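*Asks:* To be precise about what I am sending: the file is called entry.tsv and holds TSV, C-alpha atoms.
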chain	number	residue	atom	x	y	z
I	286	MET	CA	77.07	46.60	-102.68
I	287	GLY	CA	76.92	50.33	-102.60
I	288	ARG	CA	80.59	50.80	-101.79
I	289	PHE	CA	81.32	52.44	-105.08
I	290	HIS	CA	79.02	55.29	-104.86
I	291	ILE	CA	80.02	57.02	-108.05
I	292	HIS	CA	77.41	58.82	-110.02
I	293	ALA	CA	79.04	57.83	-113.19
I	294	ASP	CA	77.22	59.96	-115.67
I	295	GLY	CA	76.43	62.86	-113.41
I	296	THR	CA	72.78	62.65	-114.36
I	297	GLY	CA	70.01	62.45	-111.91
I	298	HIS	CA	71.98	63.47	-108.93
I	299	VAL	CA	71.36	67.16	-108.96
I	300	HIS	CA	69.71	67.97	-105.71
I	301	GLU	CA	67.15	70.43	-106.84
I	302	ARG	CA	65.08	70.03	-103.74
I	303	ASP	CA	67.66	71.03	-101.14
I	304	LEU	CA	67.90	67.47	-99.99
I	305	GLU	CA	71.03	66.23	-98.39
I	306	HIS	CA	72.02	62.90	-99.78
I	307	ASP	CA	71.62	61.19	-96.49
I	308	HIS	CA	74.44	58.71	-96.31
I	309	GLY	CA	73.97	58.22	-92.61
I	310	ASP	CA	70.90	56.15	-93.21
I	311	HIS	CA	72.12	54.10	-96.09
I	312	GLY	CA	73.43	51.38	-93.91
I	313	ASP	CA	75.92	49.70	-96.13
I	314	HIS	CA	77.27	52.79	-97.82
I	315	GLY	CA	80.21	52.55	-95.53
I	316	ASP	CA	82.84	53.85	-97.86
I	317	HIS	CA	82.19	57.40	-98.92
I	318	GLY	CA	85.61	57.88	-100.38
I	319	ASP	CA	84.44	57.53	-103.93
I	320	HIS	CA	81.48	59.79	-103.69
I	321	GLU	CA	81.98	62.51	-106.20
I	322	ARG	CA	80.43	65.52	-104.61
I	323	THR	CA	78.88	68.09	-106.82
I	324	ALA	CA	78.36	71.70	-105.84
I	325	GLY	CA	74.75	71.18	-104.90
I	326	ASP	CA	75.50	68.00	-103.08
I	327	VAL	CA	76.82	69.39	-99.84
I	328	GLY	CA	73.47	69.60	-98.23
I	329	ASP	CA	72.61	71.17	-94.98
I	330	HIS	CA	70.40	69.37	-92.56
I	331	SER	CA	68.78	72.59	-91.35
I	332	GLY	CA	67.17	72.93	-94.76
I	333	TYR	CA	65.56	69.58	-94.29
I	334	LYS	CA	62.91	70.64	-91.83
I	335	GLU	CA	62.07	73.80	-93.74
I	336	THR	CA	61.40	71.95	-96.93
I	337	GLY	CA	59.27	69.51	-94.96
I	338	LYS	CA	60.58	66.35	-96.50
I	339	THR	CA	61.50	63.02	-95.06
I	340	ARG	CA	63.75	60.44	-96.58
I	341	ILE	CA	62.95	56.80	-95.96
I	342	THR	CA	65.75	54.34	-96.56
I	343	ILE	CA	64.54	51.22	-98.28
I	344	LEU	CA	67.54	49.33	-99.73
I	345	GLU	CA	65.31	46.71	-101.26
I	346	ASN	CA	66.52	44.58	-104.11
I	347	LEU	CA	64.15	44.90	-107.05
I	348	LEU	CA	64.44	41.22	-107.75
I	349	SER	CA	63.86	40.14	-104.16
I	350	GLU	CA	60.23	39.21	-104.77
I	351	ASN	CA	61.20	37.30	-107.91
I	352	ASP	CA	64.00	35.54	-106.02
I	353	ARG	CA	61.67	34.60	-103.16
I	354	VAL	CA	59.27	32.94	-105.61
I	355	ALA	CA	62.24	31.35	-107.42
I	356	ASP	CA	63.35	29.79	-104.12
I	357	ASP	CA	59.80	28.48	-103.58
I	358	ASN	CA	59.85	26.99	-107.08
I	359	GLY	CA	63.22	25.39	-106.34
I	360	ARG	CA	61.90	23.82	-103.14
I	361	GLN	CA	58.81	22.53	-104.92
I	362	LEU	CA	61.00	20.95	-107.62
I	363	ALA	CA	63.27	19.42	-104.98
I	364	THR	CA	60.29	17.90	-103.17
I	365	SER	CA	59.37	16.07	-106.36
I	366	ASP	CA	63.00	15.26	-107.24
I	367	VAL	CA	62.73	17.15	-110.49
I	368	CYS	CA	65.80	18.70	-112.09
I	369	ALA	CA	64.98	21.97	-113.84
I	370	VAL	CA	67.06	23.51	-116.63
I	371	ASN	CA	66.43	27.03	-117.87
I	372	LEU	CA	67.11	27.03	-121.61
I	373	MET	CA	67.77	30.40	-123.19
I	374	SER	CA	68.87	31.83	-126.53
I	375	SER	CA	68.20	34.55	-129.05
I	376	PRO	CA	65.24	33.99	-131.39
I	377	GLY	CA	66.01	31.43	-134.05
I	378	ALA	CA	69.12	29.94	-132.45
I	379	GLY	CA	67.49	26.52	-132.48
I	380	LYS	CA	66.17	25.94	-128.96
I	381	THR	CA	63.02	24.22	-130.09
I	382	THR	CA	64.74	21.99	-132.66
I	383	LEU	CA	67.35	20.99	-130.07
I	384	LEU	CA	64.58	20.34	-127.60
I	385	ARG	CA	62.75	18.10	-130.06
I	386	LYS	CA	65.94	16.08	-130.62
I	387	THR	CA	66.48	15.95	-126.88
I	388	LEU	CA	63.01	14.54	-126.31
I	389	GLU	CA	63.55	11.97	-129.05
I	390	SER	CA	66.84	10.86	-127.44
I	391	LEU	CA	65.99	11.04	-123.77
I	392	GLY	CA	62.21	10.57	-123.78
I	393	GLU	CA	62.56	6.85	-123.14
I	394	LEU	CA	65.09	7.27	-120.33
I	395	LEU	CA	63.70	10.23	-118.46
I	396	ARG	CA	60.25	11.60	-117.83
I	397	ILE	CA	60.60	15.08	-119.28
I	398	GLY	CA	58.30	18.04	-118.79
I	399	VAL	CA	58.58	21.18	-120.86
I	400	LEU	CA	57.59	24.71	-119.92
I	401	GLU	CA	57.30	26.81	-123.03
I	402	GLY	CA	57.57	30.56	-122.80
I	403	ASP	CA	56.23	32.22	-125.89
I	404	ILE	CA	55.13	35.77	-126.44
I	405	ALA	CA	52.06	35.12	-128.53
I	406	THR	CA	51.74	31.61	-129.91
I	407	SER	CA	51.97	27.94	-129.04
I	408	LEU	CA	53.87	27.10	-132.25
I	409	ASP	CA	56.91	25.79	-130.37
I	410	ALA	CA	54.80	23.60	-128.13
I	411	ASP	CA	52.96	22.29	-131.19
I	412	GLN	CA	56.32	21.14	-132.59
I	413	LEU	CA	57.11	19.22	-129.42
I	414	HIS	CA	53.89	17.29	-129.09
I	415	GLY	CA	54.52	13.67	-129.87
I	416	ALA	CA	58.30	14.05	-129.73
I	417	GLY	CA	58.62	12.31	-126.36
I	418	ALA	CA	57.65	14.85	-123.72
I	419	SER	CA	55.68	13.53	-120.79
I	420	ALA	CA	53.95	16.86	-120.29
I	421	ILE	CA	54.04	20.31	-121.86
I	422	SER	CA	52.82	23.55	-120.36
I	423	VAL	CA	52.74	26.79	-122.35
I	424	ILE	CA	53.27	30.08	-120.59
I	425	ASN	CA	51.97	32.79	-122.84
I	426	THR	CA	53.78	35.94	-121.82
I	427	SER	CA	51.65	38.34	-123.81
I	428	ALA	CA	49.03	38.66	-121.09
I	429	GLY	CA	49.18	41.89	-119.17
I	430	PHE	CA	51.15	45.08	-119.58
I	431	GLY	CA	53.57	45.12	-122.46
I	432	GLY	CA	54.11	41.44	-123.23
I	433	GLU	CA	57.07	40.13	-121.31
I	434	CYS	CA	60.30	39.32	-123.06
I	435	HIS	CA	61.36	36.75	-120.48
I	436	LEU	CA	60.00	34.24	-118.00
I	437	ASP	CA	60.12	35.26	-114.38
I	438	ALA	CA	59.66	33.12	-111.29
I	439	VAL	CA	55.96	33.96	-110.95
I	440	MET	CA	55.22	32.90	-114.53
I	441	VAL	CA	57.16	29.68	-114.05
I	442	ARG	CA	55.31	28.97	-110.82
I	443	ALA	CA	52.02	29.25	-112.74
I	444	GLY	CA	53.33	26.98	-115.50
I	445	MET	CA	54.62	24.42	-112.98
I	446	ALA	CA	51.20	24.25	-111.37
I	447	ARG	CA	49.86	22.78	-114.61
I	448	LEU	CA	52.48	20.02	-114.72
I	449	PRO	CA	52.46	16.67	-112.88
I	450	LEU	CA	55.80	17.32	-111.12
I	451	PRO	CA	55.92	14.05	-109.12
I	452	ASP	CA	55.77	12.17	-112.43
I	453	LEU	CA	58.76	13.99	-113.92
I	454	ASP	CA	62.56	13.62	-113.70
I	455	LEU	CA	63.55	16.62	-115.78
I	456	LEU	CA	61.85	19.93	-116.44
I	457	ILE	CA	63.15	21.96	-119.36
I	458	ILE	CA	62.09	25.58	-119.21
I	459	GLU	CA	62.28	27.00	-122.71
I	460	ASN	CA	62.60	30.72	-122.13
I	461	VAL	CA	61.50	33.48	-124.49
I	462	GLY	CA	63.98	34.00	-127.34
I	463	ASN	CA	66.01	36.98	-126.15
I	464	LEU	CA	69.66	37.46	-125.19
I	465	VAL	CA	69.06	40.21	-122.63
I	466	CYS	CA	66.22	39.81	-120.19
I	467	PRO	CA	65.88	36.09	-119.41
I	468	ALA	CA	69.37	36.04	-117.86
I	469	GLU	CA	68.29	38.47	-115.15
I	470	PHE	CA	65.50	36.39	-113.67
I	471	ARG	CA	66.08	33.29	-111.58
I	472	VAL	CA	63.09	31.00	-111.87
I	473	GLY	CA	64.08	28.21	-109.46
I	474	GLU	CA	66.16	26.22	-111.94
I	475	HIS	CA	69.14	24.01	-111.04
I	476	ALA	CA	71.15	25.01	-114.09
I	477	LYS	CA	71.06	27.51	-116.91
I	478	ALA	CA	71.84	26.53	-120.46
I	479	MET	CA	71.97	28.53	-123.63
I	480	VAL	CA	71.84	27.72	-127.29
I	481	PHE	CA	74.03	29.92	-129.43
I	482	ALA	CA	73.94	29.64	-133.22
I	483	VAL	CA	77.14	30.22	-135.18
I	484	THR	CA	75.11	32.45	-137.52
I	485	GLU	CA	74.91	35.02	-134.70
I	486	GLY	CA	78.54	36.18	-134.85
I	487	GLU	CA	81.61	35.73	-132.67
I	488	GLU	CA	81.25	39.02	-130.76
I	489	LYS	CA	77.99	38.10	-129.03
I	490	PRO	CA	79.51	37.09	-125.65
I	491	LEU	CA	80.97	40.60	-125.38
I	492	LYS	CA	77.72	42.27	-126.43
I	493	TYR	CA	75.49	40.20	-124.17
I	494	PRO	CA	77.77	39.39	-121.23
I	495	VAL	CA	74.97	39.03	-118.69
I	496	MET	CA	73.49	36.11	-120.60
I	497	PHE	CA	76.79	34.43	-121.39
I	498	ARG	CA	77.99	34.92	-117.83
I	499	ALA	CA	74.84	33.43	-116.33
I	500	VAL	CA	74.93	30.04	-118.00
I	501	ASP	CA	76.54	26.74	-117.03
I	502	VAL	CA	76.68	25.37	-120.56
I	503	VAL	CA	76.64	26.86	-124.06
I	504	VAL	CA	75.44	24.67	-126.91
I	505	VAL	CA	77.09	26.12	-130.01
I	506	ASN	CA	74.49	25.17	-132.58
I	507	LYS	CA	74.36	24.97	-136.39
I	508	VAL	CA	78.04	23.96	-136.65
I	509	ASP	CA	77.10	22.14	-139.88
I	510	LEU	CA	76.94	25.63	-141.42
I	511	LEU	CA	80.52	26.55	-140.46
I	512	PRO	CA	82.02	25.79	-143.91
I	513	HIS	CA	79.63	28.35	-145.42
I	514	LEU	CA	80.21	31.14	-142.91
I	515	ASP	CA	82.96	33.59	-141.99
I	516	PHE	CA	82.32	32.76	-138.36
I	517	ASP	CA	85.60	32.26	-136.48
I	518	LEU	CA	85.00	29.60	-133.84
I	519	GLU	CA	88.32	30.25	-132.07
I	520	VAL	CA	87.50	33.95	-131.64
I	521	PHE	CA	84.04	33.11	-130.34
I	522	LEU	CA	85.46	30.64	-127.80
I	523	ALA	CA	88.02	33.22	-126.66
I	524	ASN	CA	85.26	35.83	-126.22
I	525	LEU	CA	83.14	33.34	-124.31
I	526	ASN	CA	86.10	32.44	-122.11
I	527	ALA	CA	86.67	36.13	-121.38
I	528	VAL	CA	83.17	36.62	-119.97
I	529	ASN	CA	82.57	33.13	-118.58
I	530	PRO	CA	85.67	30.97	-118.11
I	531	SER	CA	83.75	28.17	-116.41
I	532	ALA	CA	81.05	27.58	-119.04
I	533	GLN	CA	81.03	24.14	-120.63
I	534	VAL	CA	80.88	24.25	-124.43
I	535	ILE	CA	79.13	21.68	-126.63
I	536	LEU	CA	79.52	21.96	-130.39
I	537	ALA	CA	76.30	20.78	-131.97
I	538	SER	CA	73.93	20.77	-134.87
I	539	ALA	CA	70.37	20.07	-133.88
I	540	ARG	CA	69.66	19.55	-137.59
I	541	THR	CA	72.25	16.80	-138.21
I	542	GLY	CA	72.23	15.48	-134.64
I	543	GLU	CA	75.90	16.27	-134.02
I	544	GLY	CA	76.58	16.97	-130.35
I	545	VAL	CA	73.07	16.08	-129.28
I	546	SER	CA	74.29	13.04	-127.34
I	547	GLU	CA	76.82	15.20	-125.49
I	548	TRP	CA	74.07	17.68	-124.61
I	549	CYS	CA	71.81	14.84	-123.44
I	550	ALA	CA	74.66	13.48	-121.31
I	551	TRP	CA	74.99	16.91	-119.71
I	552	LEU	CA	71.25	16.92	-118.94
I	553	GLU	CA	71.45	13.41	-117.45
I	554	ALA	CA	74.38	14.51	-115.30
I	555	GLN	CA	72.29	17.42	-113.97
I	556	CYS	CA	69.47	15.00	-113.12
I	557	LEU	CA	71.95	12.76	-111.28
I	558	LEU	CA	73.24	15.74	-109.29
I	559	VAL	CA	69.71	16.56	-108.16
I	560	ALA	CA	68.98	12.93	-107.31
I	561	LYS	CA	72.18	12.78	-105.27
I	562	GLU	CA	71.28	15.97	-103.41
I	563	SER	CA	67.85	14.66	-102.52
I	564	SER	CA	69.22	11.36	-101.24
I	565	THR	CA	71.70	13.02	-98.86
A	167	MET	CA	65.22	46.03	-122.55
A	168	HIS	CA	62.97	45.21	-119.63
A	169	GLU	CA	62.99	48.76	-118.28
A	170	LEU	CA	59.21	48.67	-118.02
A	171	SER	CA	59.29	45.61	-115.74
A	172	ILE	CA	62.03	47.14	-113.63
A	173	CYS	CA	60.13	50.40	-113.49
A	174	ASN	CA	57.06	48.53	-112.37
A	175	ALA	CA	59.07	46.89	-109.59
A	176	ILE	CA	60.53	50.26	-108.50
A	177	ALA	CA	57.08	51.86	-108.47
A	178	SER	CA	55.46	49.09	-106.47
A	179	THR	CA	58.32	49.02	-103.94
A	180	ALA	CA	58.21	52.82	-103.56
A	181	ALA	CA	54.40	52.94	-103.32
A	182	LYS	CA	54.39	50.18	-100.69
A	183	HIS	CA	56.78	52.16	-98.47
A	184	ALA	CA	55.05	55.48	-99.18
A	185	ASP	CA	51.81	54.03	-97.84
A	186	GLY	CA	49.61	56.64	-99.50
A	187	ARG	CA	51.88	59.65	-98.85
A	188	SER	CA	53.13	61.79	-101.72
A	189	VAL	CA	56.63	61.00	-102.90
A	190	THR	CA	58.99	63.63	-104.28
A	191	GLN	CA	61.95	61.47	-105.15
A	192	VAL	CA	62.83	57.83	-105.54
A	193	THR	CA	66.52	56.89	-105.59
A	194	VAL	CA	67.69	53.65	-107.17
A	195	GLN	CA	71.06	52.07	-107.76
A	196	ILE	CA	71.57	50.22	-111.01
A	197	GLY	CA	74.77	48.32	-111.70
A	198	HIS	CA	76.42	48.66	-115.07
A	199	LEU	CA	76.17	44.92	-115.66
A	200	ARG	CA	72.38	45.13	-115.52
A	201	GLN	CA	72.06	46.46	-119.06
A	202	VAL	CA	69.47	49.00	-118.03
A	203	VAL	CA	69.21	52.06	-120.25
A	204	PRO	CA	68.74	55.08	-117.92
A	205	ASP	CA	66.81	57.14	-120.49
A	206	ALA	CA	64.42	54.28	-121.17
A	207	LEU	CA	63.93	53.83	-117.44
A	208	GLN	CA	63.20	57.56	-116.99
A	209	PHE	CA	60.70	57.46	-119.84
A	210	SER	CA	58.97	54.39	-118.40
A	211	TRP	CA	58.87	56.15	-115.04
A	212	GLU	CA	57.04	59.19	-116.41
A	213	VAL	CA	54.51	57.05	-118.21
A	214	MET	CA	53.93	54.67	-115.35
A	215	CYS	CA	53.66	57.06	-112.43
A	216	ASP	CA	51.05	59.37	-113.85
A	217	ALA	CA	47.97	59.41	-111.60
A	218	THR	CA	49.60	57.61	-108.66
A	219	VAL	CA	51.21	58.79	-105.38
A	220	LEU	CA	54.40	58.84	-107.44
A	221	LYS	CA	53.17	61.28	-110.07
A	222	ASP	CA	55.42	64.12	-108.84
A	223	ALA	CA	58.32	61.91	-107.89
A	224	ALA	CA	61.65	62.32	-109.63
A	225	LEU	CA	63.54	59.12	-110.33
A	226	VAL	CA	67.21	59.43	-109.41
A	227	ILE	CA	69.34	56.74	-110.99
A	228	GLU	CA	72.73	56.12	-109.40
A	229	GLN	CA	74.79	54.06	-111.78
A	230	VAL	CA	77.22	51.67	-110.15
A	231	PRO	CA	80.31	50.71	-112.16
A	232	ALA	CA	81.28	47.07	-112.53
A	233	VAL	CA	84.27	46.51	-110.25
A	234	VAL	CA	86.31	43.34	-109.89
A	235	GLU	CA	88.80	42.30	-107.24
A	236	CYS	CA	91.74	40.19	-108.34
A	237	ALA	CA	92.54	37.03	-106.39
A	238	SER	CA	96.22	37.11	-107.41
A	239	CYS	CA	97.24	40.75	-106.96
A	240	GLY	CA	94.36	41.97	-104.79
A	241	VAL	CA	93.77	45.11	-106.85
A	242	ARG	CA	90.26	46.38	-107.48
A	243	THR	CA	89.53	47.74	-110.95
A	244	ALA	CA	86.46	49.23	-112.58
A	245	LEU	CA	85.65	47.60	-115.90
A	246	ASP	CA	85.23	49.49	-119.16
A	247	LEU	CA	84.32	46.33	-121.01
A	248	PRO	CA	82.23	43.41	-119.75
A	249	ILE	CA	85.37	41.27	-119.69
A	250	LEU	CA	86.04	39.95	-116.22
A	251	ALA	CA	89.77	40.53	-116.01
A	252	CYS	CA	92.00	42.39	-113.58
A	253	GLY	CA	92.96	45.81	-114.93
A	254	HIS	CA	96.26	45.61	-113.04
A	255	CYS	CA	97.76	42.17	-113.72
A	256	GLU	CA	95.26	41.07	-116.41
A	257	GLY	CA	94.50	37.91	-114.47
A	258	PHE	CA	91.11	36.25	-114.89
A	259	ASP	CA	90.73	34.99	-111.33
A	260	VAL	CA	88.57	37.90	-110.26
A	261	LYS	CA	85.52	38.35	-108.07
A	262	LEU	CA	82.80	40.82	-108.94
A	263	VAL	CA	82.37	43.32	-106.10
A	264	SER	CA	79.84	45.65	-107.70
A	265	GLY	CA	77.92	46.18	-110.90
A	266	GLU	CA	74.94	43.92	-110.40
A	267	GLU	CA	72.94	46.30	-108.18
A	268	LEU	CA	69.24	46.68	-108.78
A	269	VAL	CA	68.16	48.37	-105.58
A	270	VAL	CA	65.61	50.90	-104.42
A	271	VAL	CA	67.77	52.96	-102.05
A	272	SER	CA	65.31	55.47	-100.62
A	273	ILE	CA	62.18	57.52	-101.13
A	274	ASP	CA	61.59	61.13	-100.15
A	275	LEU	CA	58.18	62.03	-98.78
A	276	VAL	CA	56.38	65.31	-98.28
A	277	ASP	CA	55.74	65.64	-94.56
A	278	ALA	CA	52.09	65.56	-93.69
Here is the file; what I need is its structure written in the form of structure tokens.
*Replies:*
Amino acid sequence: MGRFHIHADGTGHVHERDLEHDHGDHGDHGDHGDHERTAGDVGDHSGYKETGKTRITILENLLSENDRVADDNGRQLATSDVCAVNLMSSPGAGKTTLLRKTLESLGELLRIGVLEGDIATSLDADQLHGAGASAISVINTSAGFGGECHLDAVMVRAGMARLPLPDLDLLIIENVGNLVCPAEFRVGEHAKAMVFAVTEGEEKPLKYPVMFRAVDVVVVNKVDLLPHLDFDLEVFLANLNAVNPSAQVILASARTGEGVSEWCAWLEAQCLLVAKESST
Amino acid sequence: MHELSICNAIASTAAKHADGRSVTQVTVQIGHLRQVVPDALQFSWEVMCDATVLKDAALVIEQVPAVVECASCGVRTALDLPILACGHCEGFDVKLVSGEELVVVSIDLVDA
């Protein structure tokens, strides 16, 4: 980190306040070779005292607090032997329908809890009641400043507190429908999954690489619509492979049930991995 | 897209270290793979910092290019596209060496 110290767009690095960009204190900025110096950049330490300013080096990751809570969540899940899967997608890709089918298929085999992230409603959770979930907790993200577009570790911690973790085998965290933000925030999950609908277009892995890169499995949903679309599955798979060569792909239709058993097998395999970890 | 959340995290980190002192500049590093829009972040910053110890603080955004190192040929290349491939031999066995930064680097304070 910090090795490539290029100010790519030239913005924001005009030193209007006579401040030397103090590399000496940056710790890990070892390699200054790439630092593009601008005319105003060659500061002079003597000016420092006169302007009466002090630079404090912080080097703090903005997600460090989130990651700390995510680690806590992970430990809490491990204590109860619960496998957690963070399920993400764009709005309307079919997460909730897939989840309902999942509960219908696996509800007898596994004790499944669901954390629902939703900006303003509990409509998704309402759909899942009675489908086979052992427990459902809704995290309404509209509280507070702005209405969050993702679940972060703190929100998930609050949602987990309302679930009987020791009575669960699998926790599915249904994130807010959004291809950008949810991928950035670890919440303590064991695996990340995404639902992608073929109606979204083959170029999406290239447009939203952070999301597609982050996930362990991509459920390519609504394949029953393929005969009616111009969607080129081969191109999509090549794009996905370019950004995430290790992602597992499951072709599915939550509507017809195609691929649901393969998805459920993947979930069961994740649960087994967690059980194995806890027994060693 | 979540510039406001990121801005909030920058502001709280900076304010914690400022400990009540006035801040003139906050420097952050944002990797290209983070999908942060600098203009949106600047706008959030102006809105958020009004009436705090950060109200006169400029936000300096250092953008860090996404760079991969190839396992086969050892060459490091900066990416133009979010495709994780070596720019030299086009191999896919690459390791990301930068581009995911989201770091508050430093704050500048007015001496008391």
*Asks:* Could you tell me how far atom CA of I:Ile424 sits from atom CA of I:Met440, in Å to one decimal place?
*Replies:* 7.0 Å
*Asks:* One decimal, in Å: what's the spacing between atom CA of I:Ala416 and atom CA of I:Arg385?
*Replies:*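 Spanning atom CA of I:Ala416 to atom CA of I:Arg385 is a straight-line distance of 6.0 Å.
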*Asks:* Pick out the residues sitting within 12 Å of stretch 211-223 of chain A, and hand them over as a PyMOL selection string; count only C-alpha atoms, and ignore anything fewer than 3 positions along from it in its own chain.
*Replies:* (chain I and resi 302+430-431) or (chain A and resi 169-193+204-208+226-227+272-276)
*Asks:* Include C-alpha atoms and write out the residues we just selected as a PDB file, in the coordinates of the input.
*Replies:*
ATOM      1  CA  ARG I 302      65.080  70.030-103.740  1.00  0.00           C
ATOM      2  CA  PHE I 430      51.150  45.080-119.580  1.00  0.00           C
ATOM      3  CA  GLY I 431      53.570  45.120-122.460  1.00  0.00           C
TER       4      GLY I 431
ATOM      5  CA  GLU A 169      62.990  48.760-118.280  1.00  0.00           C
ATOM      6  CA  LEU A 170      59.210  48.670-118.020  1.00  0.00           C
ATOM      7  CA  SER A 171      59.290  45.610-115.740  1.00  0.00           C
ATOM      8  CA  ILE A 172      62.030  47.140-113.630  1.00  0.00           C
ATOM      9  CA  CYS A 173      60.130  50.400-113.490  1.00  0.00           C
ATOM     10  CA  ASN A 174      57.060  48.530-112.370  1.00  0.00           C
ATOM     11  CA  ALA A 175      59.070  46.890-109.590  1.00  0.00           C
ATOM     12  CA  ILE A 176      60.530  50.260-108.500  1.00  0.00           C
ATOM     13  CA  ALA A 177      57.080  51.860-108.470  1.00  0.00           C
ATOM     14  CA  SER A 178      55.460  49.090-106.470  1.00  0.00           C
ATOM     15  CA  THR A 179      58.320  49.020-103.940  1.00  0.00           C
ATOM     16  CA  ALA A 180      58.210  52.820-103.560  1.00  0.00           C
ATOM     17  CA  ALA A 181      54.400  52.940-103.320  1.00  0.00           C
ATOM     18  CA  LYS A 182      54.390  50.180-100.690  1.00  0.00           C
ATOM     19  CA  HIS A 183      56.780  52.160 -98.470  1.00  0.00           C
ATOM     20  CA  ALA A 184      55.050  55.480 -99.180  1.00  0.00           C
ATOM     21  CA  ASP A 185      51.810  54.030 -97.840  1.00  0.00           C
ATOM     22  CA  GLY A 186      49.610  56.640 -99.500  1.00  0.00           C
ATOM     23  CA  ARG A 187      51.880  59.650 -98.850  1.00  0.00           C
ATOM     24  CA  SER A 188      53.130  61.790-101.720  1.00  0.00           C
ATOM     25  CA  VAL A 189      56.630  61.000-102.900  1.00  0.00           C
ATOM     26  CA  THR A 190      58.990  63.630-104.280  1.00  0.00           C
ATOM     27  CA  GLN A 191      61.950  61.470-105.150  1.00  0.00           C
ATOM     28  CA  VAL A 192      62.830  57.830-105.540  1.00  0.00           C
ATOM     29  CA  THR A 193      66.520  56.890-105.590  1.00  0.00           C
ATOM     30  CA  PRO A 204      68.740  55.080-117.920  1.00  0.00           C
ATOM     31  CA  ASP A 205      66.810  57.140-120.490  1.00  0.00           C
ATOM     32  CA  ALA A 206      64.420  54.280-121.170  1.00  0.00           C
ATOM     33  CA  LEU A 207      63.930  53.830-117.440  1.00  0.00           C
ATOM     34  CA  GLN A 208      63.200  57.560-116.990  1.00  0.00           C
ATOM     35  CA  VAL A 226      67.210  59.430-109.410  1.00  0.00           C
ATOM     36  CA  ILE A 227      69.340  56.740-110.990  1.00  0.00           C
ATOM     37  CA  SER A 272      65.310  55.470-100.620  1.00  0.00           C
ATOM     38  CA  ILE A 273      62.180  57.520-101.130  1.00  0.00           C
ATOM     39  CA  ASP A 274      61.590  61.130-100.150  1.00  0.00           C
ATOM     40  CA  LEU A 275      58.180  62.030 -98.780  1.00  0.00           C
ATOM     41  CA  VAL A 276      56.380  65.310 -98.280  1.00  0.00           C
TER      42      VAL A 276
END
*Asks:* Here is a test: counting all atoms listed in the file, which residue of I:Ala418, I:Leu552, I:Leu456, I:Leu518 is nearest to I:Val367?
*Replies:* I:Leu456
*Asks:* Counting all atoms listed in the file, write as number ranges by chain all protein and nucleic acid residues lying at most 9 Å from (98.6, 44.6, -109.2) in the file's frame.
*Replies:* A: 236, 238-242, 252-256
*Asks:* Find the residues around I:Arg471 up to 10 Å (only C-alpha atoms counted), leave out those fewer than 4 positions away in its own chain, and share them as a list in words.
*Replies:*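 Near neighbours after the sequence-gap exclusion: Leu348, Asn351, Asp352, Arg353, Val354, Ala355, Asp356, Asn358, Gly359, Asn371, Leu436, Asp437, Ala438, Val441, Pro467, His475, Lys477 and Ala499 of chain I.
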*Asks:* Next, write the just-selected residues to a file, as a PDB file, in the coordinates of the input, keeping C-alpha atoms as the atom set.
*Replies:*
ATOM      1  CA  LEU I 348      64.440  41.220-107.750  1.00  0.00           C
ATOM      2  CA  ASN I 351      61.200  37.300-107.910  1.00  0.00           C
ATOM      3  CA  ASP I 352      64.000  35.540-106.020  1.00  0.00           C
ATOM      4  CA  ARG I 353      61.670  34.600-103.160  1.00  0.00           C
ATOM      5  CA  VAL I 354      59.270  32.940-105.610  1.00  0.00           C
ATOM      6  CA  ALA I 355      62.240  31.350-107.420  1.00  0.00           C
ATOM      7  CA  ASP I 356      63.350  29.790-104.120  1.00  0.00           C
ATOM      8  CA  ASN I 358      59.850  26.990-107.080  1.00  0.00           C
ATOM      9  CA  GLY I 359      63.220  25.390-106.340  1.00  0.00           C
ATOM     10  CA  ASN I 371      66.430  27.030-117.870  1.00  0.00           C
ATOM     11  CA  LEU I 436      60.000  34.240-118.000  1.00  0.00           C
ATOM     12  CA  ASP I 437      60.120  35.260-114.380  1.00  0.00           C
ATOM     13  CA  ALA I 438      59.660  33.120-111.290  1.00  0.00           C
ATOM     14  CA  VAL I 441      57.160  29.680-114.050  1.00  0.00           C
ATOM     15  CA  PRO I 467      65.880  36.090-119.410  1.00  0.00           C
ATOM     16  CA  HIS I 475      69.140  24.010-111.040  1.00  0.00           C
ATOM     17  CA  LYS I 477      71.060  27.510-116.910  1.00  0.00           C
ATOM     18  CA  ALA I 499      74.840  33.430-116.330  1.00  0.00           C
TER      19      ALA I 499
END
*Asks:* Pick from I:Val534, I:Leu522, I:Cys368, I:Met496: nearest to I:Asp454, with only C-alpha atoms counted?
*Replies:* I:Cys368
